[in-house]
file protein14.tsv (TSV, N, CA and C atoms)
chain	number	residue	atom	x	y	z
A	1	MET	N	114.12	108.11	119.78
A	1	MET	CA	113.58	108.05	121.14
A	1	MET	C	114.47	107.12	121.95
A	2	ASN	N	114.93	107.59	123.10
A	2	ASN	CA	115.84	106.74	123.88
A	2	ASN	C	115.09	105.60	124.58
A	3	GLY	N	115.82	104.67	125.14
A	3	GLY	CA	115.24	103.47	125.74
A	3	GLY	C	114.21	103.73	126.82
A	4	GLU	N	114.48	104.67	127.70
A	4	GLU	CA	113.56	104.95	128.80
A	4	GLU	C	112.26	105.57	128.29
A	5	ARG	N	112.36	106.46	127.33
A	5	ARG	CA	111.17	107.12	126.79
A	5	ARG	C	110.29	106.14	126.02
A	6	ILE	N	110.86	105.27	125.23
A	6	ILE	CA	110.06	104.29	124.49
A	6	ILE	C	109.43	103.29	125.46
A	7	ALA	N	110.15	102.93	126.51
A	7	ALA	CA	109.59	102.01	127.52
A	7	ALA	C	108.38	102.64	128.20
A	8	LYS	N	108.45	103.92	128.52
A	8	LYS	CA	107.32	104.62	129.15
A	8	LYS	C	106.15	104.74	128.17
A	9	ALA	N	106.44	105.00	126.90
A	9	ALA	CA	105.37	105.08	125.90
A	9	ALA	C	104.67	103.73	125.74
A	10	LYS	N	105.43	102.64	125.73
A	10	LYS	CA	104.84	101.30	125.64
A	10	LYS	C	103.97	101.01	126.85
A	11	GLU	N	104.48	101.36	128.02
A	11	GLU	CA	103.74	101.15	129.27
A	11	GLU	C	102.40	101.90	129.22
A	12	ALA	N	102.44	103.15	128.77
A	12	ALA	CA	101.22	103.96	128.67
A	12	ALA	C	100.24	103.36	127.67
A	13	LEU	N	100.74	102.88	126.54
A	13	LEU	CA	99.88	102.29	125.52
A	13	LEU	C	99.21	101.02	126.05
A	14	ILE	N	99.94	100.21	126.79
A	14	ILE	CA	99.35	98.99	127.36
A	14	ILE	C	98.27	99.33	128.37
A	15	ILE	N	98.50	100.33	129.20
A	15	ILE	CA	97.48	100.77	130.16
A	15	ILE	C	96.23	101.24	129.41
A	16	PHE	N	96.45	102.02	128.35
A	16	PHE	CA	95.33	102.49	127.53
A	16	PHE	C	94.56	101.31	126.93
A	17	LEU	N	95.27	100.36	126.34
A	17	LEU	CA	94.62	99.21	125.73
A	17	LEU	C	93.77	98.45	126.75
A	18	LYS	N	94.31	98.24	127.93
A	18	LYS	CA	93.58	97.50	128.97
A	18	LYS	C	92.36	98.25	129.48
A	19	SER	N	92.29	99.55	129.22
A	19	SER	CA	91.15	100.34	129.69
A	19	SER	C	90.05	100.48	128.63
A	20	LEU	N	90.26	99.88	127.46
A	20	LEU	CA	89.24	99.97	126.40
A	20	LEU	C	87.97	99.23	126.82
A	21	PRO	N	86.81	99.76	126.46
A	21	PRO	CA	85.56	99.05	126.78
A	21	PRO	C	85.49	97.72	126.03
A	22	PRO	N	84.82	96.74	126.59
A	22	PRO	CA	84.76	95.41	125.98
A	22	PRO	C	84.13	95.41	124.58
A	23	GLU	N	83.22	96.31	124.30
A	23	GLU	CA	82.51	96.28	123.02
A	23	GLU	C	83.22	97.02	121.88
A	24	CYS	N	84.38	97.59	122.15
A	24	CYS	CA	85.03	98.39	121.11
A	24	CYS	C	85.94	97.55	120.21
A	25	GLU	N	86.33	98.15	119.11
A	25	GLU	CA	87.32	97.57	118.21
A	25	GLU	C	88.54	98.48	118.23
A	26	PHE	N	89.72	97.92	117.94
A	26	PHE	CA	90.93	98.72	117.97
A	26	PHE	C	91.97	98.17	117.01
A	27	ASN	N	92.96	98.99	116.77
A	27	ASN	CA	94.12	98.62	116.00
A	27	ASN	C	95.26	99.50	116.48
A	28	ILE	N	96.48	99.12	116.22
A	28	ILE	CA	97.65	99.92	116.58
A	28	ILE	C	98.39	100.25	115.30
A	29	VAL	N	98.76	101.51	115.15
A	29	VAL	CA	99.49	101.95	113.97
A	29	VAL	C	100.82	102.52	114.42
A	30	SER	N	101.90	101.88	114.01
A	30	SER	CA	103.24	102.38	114.27
A	30	SER	C	103.60	103.32	113.13
A	31	TYR	N	104.28	104.41	113.45
A	31	TYR	CA	104.60	105.35	112.38
A	31	TYR	C	105.95	106.02	112.60
A	32	GLY	N	106.44	106.56	111.51
A	32	GLY	CA	107.68	107.32	111.47
A	32	GLY	C	107.74	107.93	110.09
A	33	SER	N	108.70	107.57	109.29
A	33	SER	CA	108.76	108.01	107.89
A	33	SER	C	107.73	107.26	107.05
A	34	TYR	N	107.21	106.18	107.58
A	34	TYR	CA	106.15	105.37	106.98
A	34	TYR	C	105.32	104.83	108.12
A	35	TYR	N	104.26	104.11	107.84
A	35	TYR	CA	103.46	103.55	108.93
A	35	TYR	C	103.11	102.10	108.65
A	36	VAL	N	102.81	101.37	109.73
A	36	VAL	CA	102.46	99.96	109.65
A	36	VAL	C	101.31	99.71	110.63
A	37	LYS	N	100.24	99.09	110.13
A	37	LYS	CA	99.13	98.71	111.01
A	37	LYS	C	99.45	97.35	111.64
A	38	MET	N	99.06	97.18	112.88
A	38	MET	CA	99.27	95.89	113.54
A	38	MET	C	98.52	94.80	112.77
A	39	THR	N	97.28	95.07	112.40
A	39	THR	CA	96.48	94.16	111.58
A	39	THR	C	95.79	94.98	110.50
A	40	GLU	N	95.41	94.36	109.41
A	40	GLU	CA	94.78	95.09	108.32
A	40	GLU	C	93.45	95.71	108.76
A	41	ASP	N	92.66	94.94	109.50
A	41	ASP	CA	91.36	95.42	110.00
A	41	ASP	C	91.41	95.55	111.51
A	42	SER	N	90.55	96.39	112.05
A	42	SER	CA	90.47	96.52	113.51
A	42	SER	C	90.03	95.19	114.13
A	43	MET	N	90.42	94.98	115.38
A	43	MET	CA	90.08	93.74	116.08
A	43	MET	C	89.07	94.04	117.18
A	44	HIS	N	88.21	93.08	117.46
A	44	HIS	CA	87.29	93.20	118.59
A	44	HIS	C	88.08	93.06	119.88
A	45	ASN	N	87.70	93.80	120.87
A	45	ASN	CA	88.38	93.75	122.16
A	45	ASN	C	87.97	92.47	122.90
A	46	CYS	N	88.89	91.51	122.95
A	46	CYS	CA	88.69	90.28	123.68
A	46	CYS	C	90.06	89.85	124.23
A	47	ASN	N	90.09	88.81	125.02
A	47	ASN	CA	91.35	88.37	125.61
A	47	ASN	C	92.41	88.04	124.56
A	48	GLU	N	92.00	87.35	123.51
A	48	GLU	CA	92.96	86.94	122.48
A	48	GLU	C	93.56	88.15	121.76
A	49	SER	N	92.71	89.09	121.34
A	49	SER	CA	93.23	90.26	120.64
A	49	SER	C	94.06	91.14	121.57
A	50	MET	N	93.71	91.18	122.84
A	50	MET	CA	94.50	91.96	123.79
A	50	MET	C	95.88	91.35	123.97
A	51	GLU	N	95.97	90.04	124.02
A	51	GLU	CA	97.28	89.37	124.12
A	51	GLU	C	98.14	89.68	122.88
A	52	ILE	N	97.51	89.64	121.71
A	52	ILE	CA	98.23	89.96	120.48
A	52	ILE	C	98.73	91.40	120.52
A	53	ALA	N	97.87	92.32	120.93
A	53	ALA	CA	98.24	93.74	120.98
A	53	ALA	C	99.36	93.99	121.97
A	54	ILE	N	99.30	93.40	123.14
A	54	ILE	CA	100.34	93.60	124.16
A	54	ILE	C	101.67	93.01	123.67
A	55	TYR	N	101.62	91.87	123.03
A	55	TYR	CA	102.83	91.29	122.45
A	55	TYR	C	103.41	92.25	121.42
A	56	TYR	N	102.56	92.78	120.55
A	56	TYR	CA	102.98	93.71	119.51
A	56	TYR	C	103.64	94.94	120.13
A	57	VAL	N	103.00	95.52	121.12
A	57	VAL	CA	103.54	96.71	121.79
A	57	VAL	C	104.89	96.40	122.43
A	58	ASN	N	104.99	95.30	123.12
A	58	ASN	CA	106.24	94.94	123.79
A	58	ASN	C	107.41	94.75	122.82
A	59	HIS	N	107.10	94.46	121.56
A	59	HIS	CA	108.16	94.24	120.57
A	59	HIS	C	108.36	95.43	119.62
A	60	MET	N	107.67	96.53	119.89
A	60	MET	CA	107.84	97.74	119.07
A	60	MET	C	109.20	98.37	119.36
A	61	LYS	N	109.77	98.99	118.32
A	61	LYS	CA	111.04	99.70	118.46
A	61	LYS	C	110.89	101.08	117.84
A	62	ALA	N	111.68	102.00	118.31
A	62	ALA	CA	111.68	103.36	117.75
A	62	ALA	C	112.69	103.39	116.61
A	63	ASP	N	112.34	102.75	115.50
A	63	ASP	CA	113.30	102.61	114.40
A	63	ASP	C	112.66	102.86	113.03
A	64	MET	N	111.64	103.72	113.00
A	64	MET	CA	110.92	103.93	111.75
A	64	MET	C	111.20	105.30	111.14
A	65	GLY	N	112.27	105.93	111.54
A	65	GLY	CA	112.63	107.22	110.95
A	65	GLY	C	111.91	108.39	111.59
A	66	GLY	N	111.41	109.31	110.78
A	66	GLY	CA	110.82	110.57	111.24
A	66	GLY	C	109.54	110.41	112.04
A	67	THR	N	108.79	111.51	112.10
A	67	THR	CA	107.57	111.52	112.90
A	67	THR	C	106.42	112.13	112.08
A	68	ASP	N	106.18	111.61	110.90
A	68	ASP	CA	105.16	112.14	110.00
A	68	ASP	C	103.77	111.65	110.42
A	69	ILE	N	103.21	112.24	111.45
A	69	ILE	CA	101.92	111.79	111.96
A	69	ILE	C	100.76	112.23	111.08
A	70	TYR	N	100.92	113.32	110.34
A	70	TYR	CA	99.83	113.81	109.48
A	70	TYR	C	99.40	112.74	108.47
A	71	THR	N	100.35	112.15	107.78
A	71	THR	CA	100.04	111.12	106.78
A	71	THR	C	99.33	109.94	107.43
A	72	VAL	N	99.78	109.55	108.60
A	72	VAL	CA	99.16	108.42	109.31
A	72	VAL	C	97.72	108.73	109.66
A	73	ILE	N	97.49	109.88	110.25
A	73	ILE	CA	96.12	110.24	110.65
A	73	ILE	C	95.22	110.32	109.42
A	74	LYS	N	95.70	110.94	108.35
A	74	LYS	CA	94.91	111.06	107.12
A	74	LYS	C	94.56	109.68	106.57
A	75	GLU	N	95.52	108.78	106.51
A	75	GLU	CA	95.27	107.44	105.98
A	75	GLU	C	94.35	106.63	106.87
A	76	VAL	N	94.57	106.67	108.17
A	76	VAL	CA	93.77	105.85	109.10
A	76	VAL	C	92.35	106.38	109.20
A	77	VAL	N	92.18	107.68	109.32
A	77	VAL	CA	90.85	108.24	109.49
A	77	VAL	C	90.02	108.13	108.22
A	78	TYR	N	90.64	108.42	107.08
A	78	TYR	CA	89.86	108.44	105.84
A	78	TYR	C	89.90	107.12	105.08
A	79	ASP	N	90.70	106.16	105.54
A	79	ASP	CA	90.77	104.85	104.88
A	79	ASP	C	89.75	103.88	105.44
A	80	GLU	N	89.30	104.10	106.64
A	80	GLU	CA	88.40	103.16	107.32
A	80	GLU	C	87.05	103.15	106.74
call {"tool": "encode", "arguments": {"input": "protein14.tsv", "output": "structure tokens"}}
result
Amino acid sequence: MNGERIAKAKEALIIFLKSLPPECEFNIVSYGSYYVKMTEDSMHNCNESMEIAIYYVNHMKADMGGTDIYTVIKEVVYDE
């Protein structure tokens, strides 16, 4: 993914995060040929967790290889 496209994806993710309802929990999963969760467990939506998430998003890179989203969805949905 080139620089402009990853920047737009990060921007969209931050807008999405900021629009989450206060009572929800969230996590971010980066994926490619493998996946990495931002945190092991989901976090409650509060100012502190939002700062952590935005920092995480701002430091994400498109350097994880392929785009194997099936494995990620299967693990995240059925692992919780």
call {"tool": "select_by_dssp", "arguments": {"input": "protein14.tsv", "residues": "chain A", "states": "strand (DSSP E)", "output": "count of residues only"}}
result
10
call {"tool": "closest_residue", "arguments": {"input": "protein14.tsv", "among": "A:Leu17, A:Asn47, A:Ile6, A:Tyr78", "to": "A:Asp63", "atoms": "only C-alpha atoms"}}
result
A:Ile6
call {"tool": "select_by_dssp", "arguments": {"input": "protein14.tsv", "residues": "chain A", "states": "alpha helix (DSSP H)", "output": "ChimeraX atom specification"}}
result
/A:3-18,47-58,69-79
call {"tool": "closest_atom_pairs", "arguments": {"input": "protein14.tsv", "of": "stretch 8-28 of chain A", "to": "stretch 41-46 of chain A", "cutoff": "8 Å", "atoms": "all atoms listed in the file", "output": "JSON lines"}}
result
{"residue": "A:Leu20", "atom": "C", "partner": "A:Asn45", "partner_atom": "CA", "distance": 7.2}
{"residue": "A:Pro21", "atom": "C", "partner": "A:Asn45", "partner_atom": "CA", "distance": 6.3}
{"residue": "A:Pro22", "atom": "C", "partner": "A:Asn45", "partner_atom": "C", "distance": 5.1}
{"residue": "A:Glu23", "atom": "C", "partner": "A:Asn45", "partner_atom": "N", "distance": 5.6}
{"residue": "A:Cys24", "atom": "C", "partner": "A:Asn45", "partner_atom": "N", "distance": 4.2}
{"residue": "A:Glu25", "atom": "CA", "partner": "A:Met43", "partner_atom": "C", "distance": 4.1}
{"residue": "A:Phe26", "atom": "C", "partner": "A:Met43", "partner_atom": "N", "distance": 3.9}
{"residue": "A:Asn27", "atom": "N", "partner": "A:Ser42", "partner_atom": "CA", "distance": 4.8}
{"residue": "A:Ile28", "atom": "N", "partner": "A:Ser42", "partner_atom": "CA", "distance": 7.1}
call {"tool": "closest_residue", "arguments": {"input": "protein14.tsv", "among": "A:Lys37, A:Tyr55, A:Gly32, A:Glu48", "to": "A:Asp68", "atoms": "only C-alpha atoms"}}
result
A:Gly32
call {"tool": "atom_distance", "arguments": {"input": "protein14.tsv", "atom1": "atom N of A:Val76", "atom2": "atom CA of A:Ser30"}}
result
11.4 Å
call {"tool": "closest_residue", "arguments": {"input": "protein14.tsv", "among": "A:Ala62, A:Met50, A:Val36, A:Val57", "to": "A:Glu11", "atoms": "all atoms listed in the file"}}
result
A:Val57
call {"tool": "closest_residue", "arguments": {"input": "protein14.tsv", "among": "A:Ile54, A:Met64, A:Ala12, A:Glu75", "to": "A:Tyr34", "atoms": "all atoms listed in the file"}}
result
A:Met64
call {"tool": "atom_distance", "arguments": {"input": "protein14.tsv", "atom1": "atom N of A:Tyr31", "atom2": "atom CA of A:Asn58"}}
result
14.2 Å
call {"tool": "atom_distance", "arguments": {"input": "protein14.tsv", "atom1": "atom N of A:Glu4", "atom2": "atom N of A:His59"}}
result
14.0 Å
call {"tool": "decode", "arguments": {"input": "protein14.tsv", "residues": "stretch 39-50 of chain A", "atoms": "all heavy atoms", "output": "mmCIF file, in the first residue's frame"}}
result
data_model
loop_
_atom_site.group_PDB
_atom_site.id
_atom_site.type_symbol
_atom_site.label_atom_id
_atom_site.label_comp_id
_atom_site.auth_asym_id
_atom_site.auth_seq_id
_atom_site.Cartn_x
_atom_site.Cartn_y
_atom_site.Cartn_z
ATOM 1 N N THR A 39 -3.955 -4.825 21.719
ATOM 2 C CA THR A 39 -3.887 -5.300 23.097
ATOM 3 C C THR A 39 -4.478 -6.704 23.139
ATOM 4 O O THR A 39 -5.276 -7.078 22.270
ATOM 5 C CB THR A 39 -4.680 -4.390 24.064
ATOM 6 O OG1 THR A 39 -6.041 -4.339 23.636
ATOM 7 C CG2 THR A 39 -4.113 -2.990 24.106
ATOM 8 N N GLU A 40 -4.118 -7.489 24.122
ATOM 9 C CA GLU A 40 -4.622 -8.859 24.204
ATOM 10 C C GLU A 40 -6.141 -8.881 24.372
ATOM 11 O O GLU A 40 -6.831 -9.673 23.760
ATOM 12 C CB GLU A 40 -3.944 -9.609 25.360
ATOM 13 C CG GLU A 40 -4.278 -11.068 25.396
ATOM 14 C CD GLU A 40 -3.948 -11.825 24.113
ATOM 15 O OE1 GLU A 40 -2.926 -11.537 23.463
ATOM 16 O OE2 GLU A 40 -4.740 -12.725 23.748
ATOM 17 N N ASP A 41 -6.657 -8.005 25.231
ATOM 18 C CA ASP A 41 -8.104 -7.920 25.469
ATOM 19 C C ASP A 41 -8.630 -6.593 24.946
ATOM 20 O O ASP A 41 -7.890 -5.611 24.863
ATOM 21 C CB ASP A 41 -8.404 -8.030 26.963
ATOM 22 C CG ASP A 41 -7.985 -9.370 27.530
ATOM 23 O OD1 ASP A 41 -8.253 -10.399 26.877
ATOM 24 O OD2 ASP A 41 -7.375 -9.388 28.624
ATOM 25 N N SER A 42 -9.914 -6.557 24.644
ATOM 26 C CA SER A 42 -10.535 -5.305 24.210
ATOM 27 C C SER A 42 -10.450 -4.269 25.330
ATOM 28 O O SER A 42 -10.402 -4.618 26.512
ATOM 29 C CB SER A 42 -11.995 -5.549 23.831
ATOM 30 O OG SER A 42 -12.061 -6.387 22.701
ATOM 31 N N MET A 43 -10.445 -2.999 24.942
ATOM 32 C CA MET A 43 -10.354 -1.909 25.914
ATOM 33 C C MET A 43 -11.686 -1.163 25.969
ATOM 34 O O MET A 43 -12.386 -1.067 24.966
ATOM 35 C CB MET A 43 -9.263 -0.921 25.504
ATOM 36 C CG MET A 43 -7.891 -1.535 25.428
ATOM 37 S SD MET A 43 -6.544 -0.334 25.232
ATOM 38 C CE MET A 43 -7.031 0.615 23.830
ATOM 39 N N HIS A 44 -12.007 -0.635 27.137
ATOM 40 C CA HIS A 44 -13.188 0.214 27.277
ATOM 41 C C HIS A 44 -12.913 1.542 26.590
ATOM 42 O O HIS A 44 -11.791 2.058 26.642
ATOM 43 C CB HIS A 44 -13.521 0.467 28.753
ATOM 44 C CG HIS A 44 -13.919 -0.779 29.470
ATOM 45 N ND1 HIS A 44 -15.152 -1.365 29.324
ATOM 46 C CD2 HIS A 44 -13.227 -1.569 30.318
ATOM 47 C CE1 HIS A 44 -15.207 -2.455 30.050
ATOM 48 N NE2 HIS A 44 -14.050 -2.606 30.676
ATOM 49 N N ASN A 45 -13.917 2.092 25.976
ATOM 50 C CA ASN A 45 -13.774 3.368 25.292
ATOM 51 C C ASN A 45 -13.729 4.497 26.326
ATOM 52 O O ASN A 45 -14.734 4.828 26.943
ATOM 53 C CB ASN A 45 -14.946 3.579 24.324
ATOM 54 C CG ASN A 45 -14.777 4.820 23.488
ATOM 55 O OD1 ASN A 45 -13.749 5.481 23.548
ATOM 56 N ND2 ASN A 45 -15.775 5.144 22.706
ATOM 57 N N CYS A 46 -12.538 5.050 26.525
ATOM 58 C CA CYS A 46 -12.347 6.190 27.406
ATOM 59 C C CYS A 46 -11.216 7.035 26.813
ATOM 60 O O CYS A 46 -10.589 6.632 25.828
ATOM 61 C CB CYS A 46 -12.019 5.745 28.834
ATOM 62 S SG CYS A 46 -10.442 4.889 28.995
ATOM 63 N N ASN A 47 -10.948 8.176 27.393
ATOM 64 C CA ASN A 47 -9.914 9.063 26.852
ATOM 65 C C ASN A 47 -8.548 8.384 26.777
ATOM 66 O O ASN A 47 -7.838 8.506 25.784
ATOM 67 C CB ASN A 47 -9.807 10.341 27.677
ATOM 68 C CG ASN A 47 -10.992 11.253 27.483
ATOM 69 O OD1 ASN A 47 -11.684 11.175 26.467
ATOM 70 N ND2 ASN A 47 -11.257 12.104 28.454
ATOM 71 N N GLU A 48 -8.188 7.654 27.823
ATOM 72 C CA GLU A 48 -6.875 7.012 27.862
ATOM 73 C C GLU A 48 -6.736 5.950 26.766
ATOM 74 O O GLU A 48 -5.738 5.909 26.047
ATOM 75 C CB GLU A 48 -6.629 6.380 29.229
ATOM 76 C CG GLU A 48 -5.269 5.725 29.339
ATOM 77 C CD GLU A 48 -5.033 5.059 30.690
ATOM 78 O OE1 GLU A 48 -5.890 5.159 31.582
ATOM 79 O OE2 GLU A 48 -3.981 4.424 30.829
ATOM 80 N N SER A 49 -7.741 5.084 26.634
ATOM 81 C CA SER A 49 -7.651 4.041 25.615
ATOM 82 C C SER A 49 -7.716 4.636 24.209
ATOM 83 O O SER A 49 -7.072 4.131 23.285
ATOM 84 C CB SER A 49 -8.740 2.983 25.809
ATOM 85 O OG SER A 49 -10.021 3.552 25.735
ATOM 86 N N MET A 50 -8.444 5.725 24.042
ATOM 87 C CA MET A 50 -8.508 6.377 22.735
ATOM 88 C C MET A 50 -7.149 6.973 22.369
ATOM 89 O O MET A 50 -6.712 6.878 21.215
ATOM 90 C CB MET A 50 -9.594 7.458 22.739
ATOM 91 C CG MET A 50 -9.947 7.961 21.363
ATOM 92 S SD MET A 50 -10.487 6.702 20.172
ATOM 93 C CE MET A 50 -11.888 5.977 20.981
#
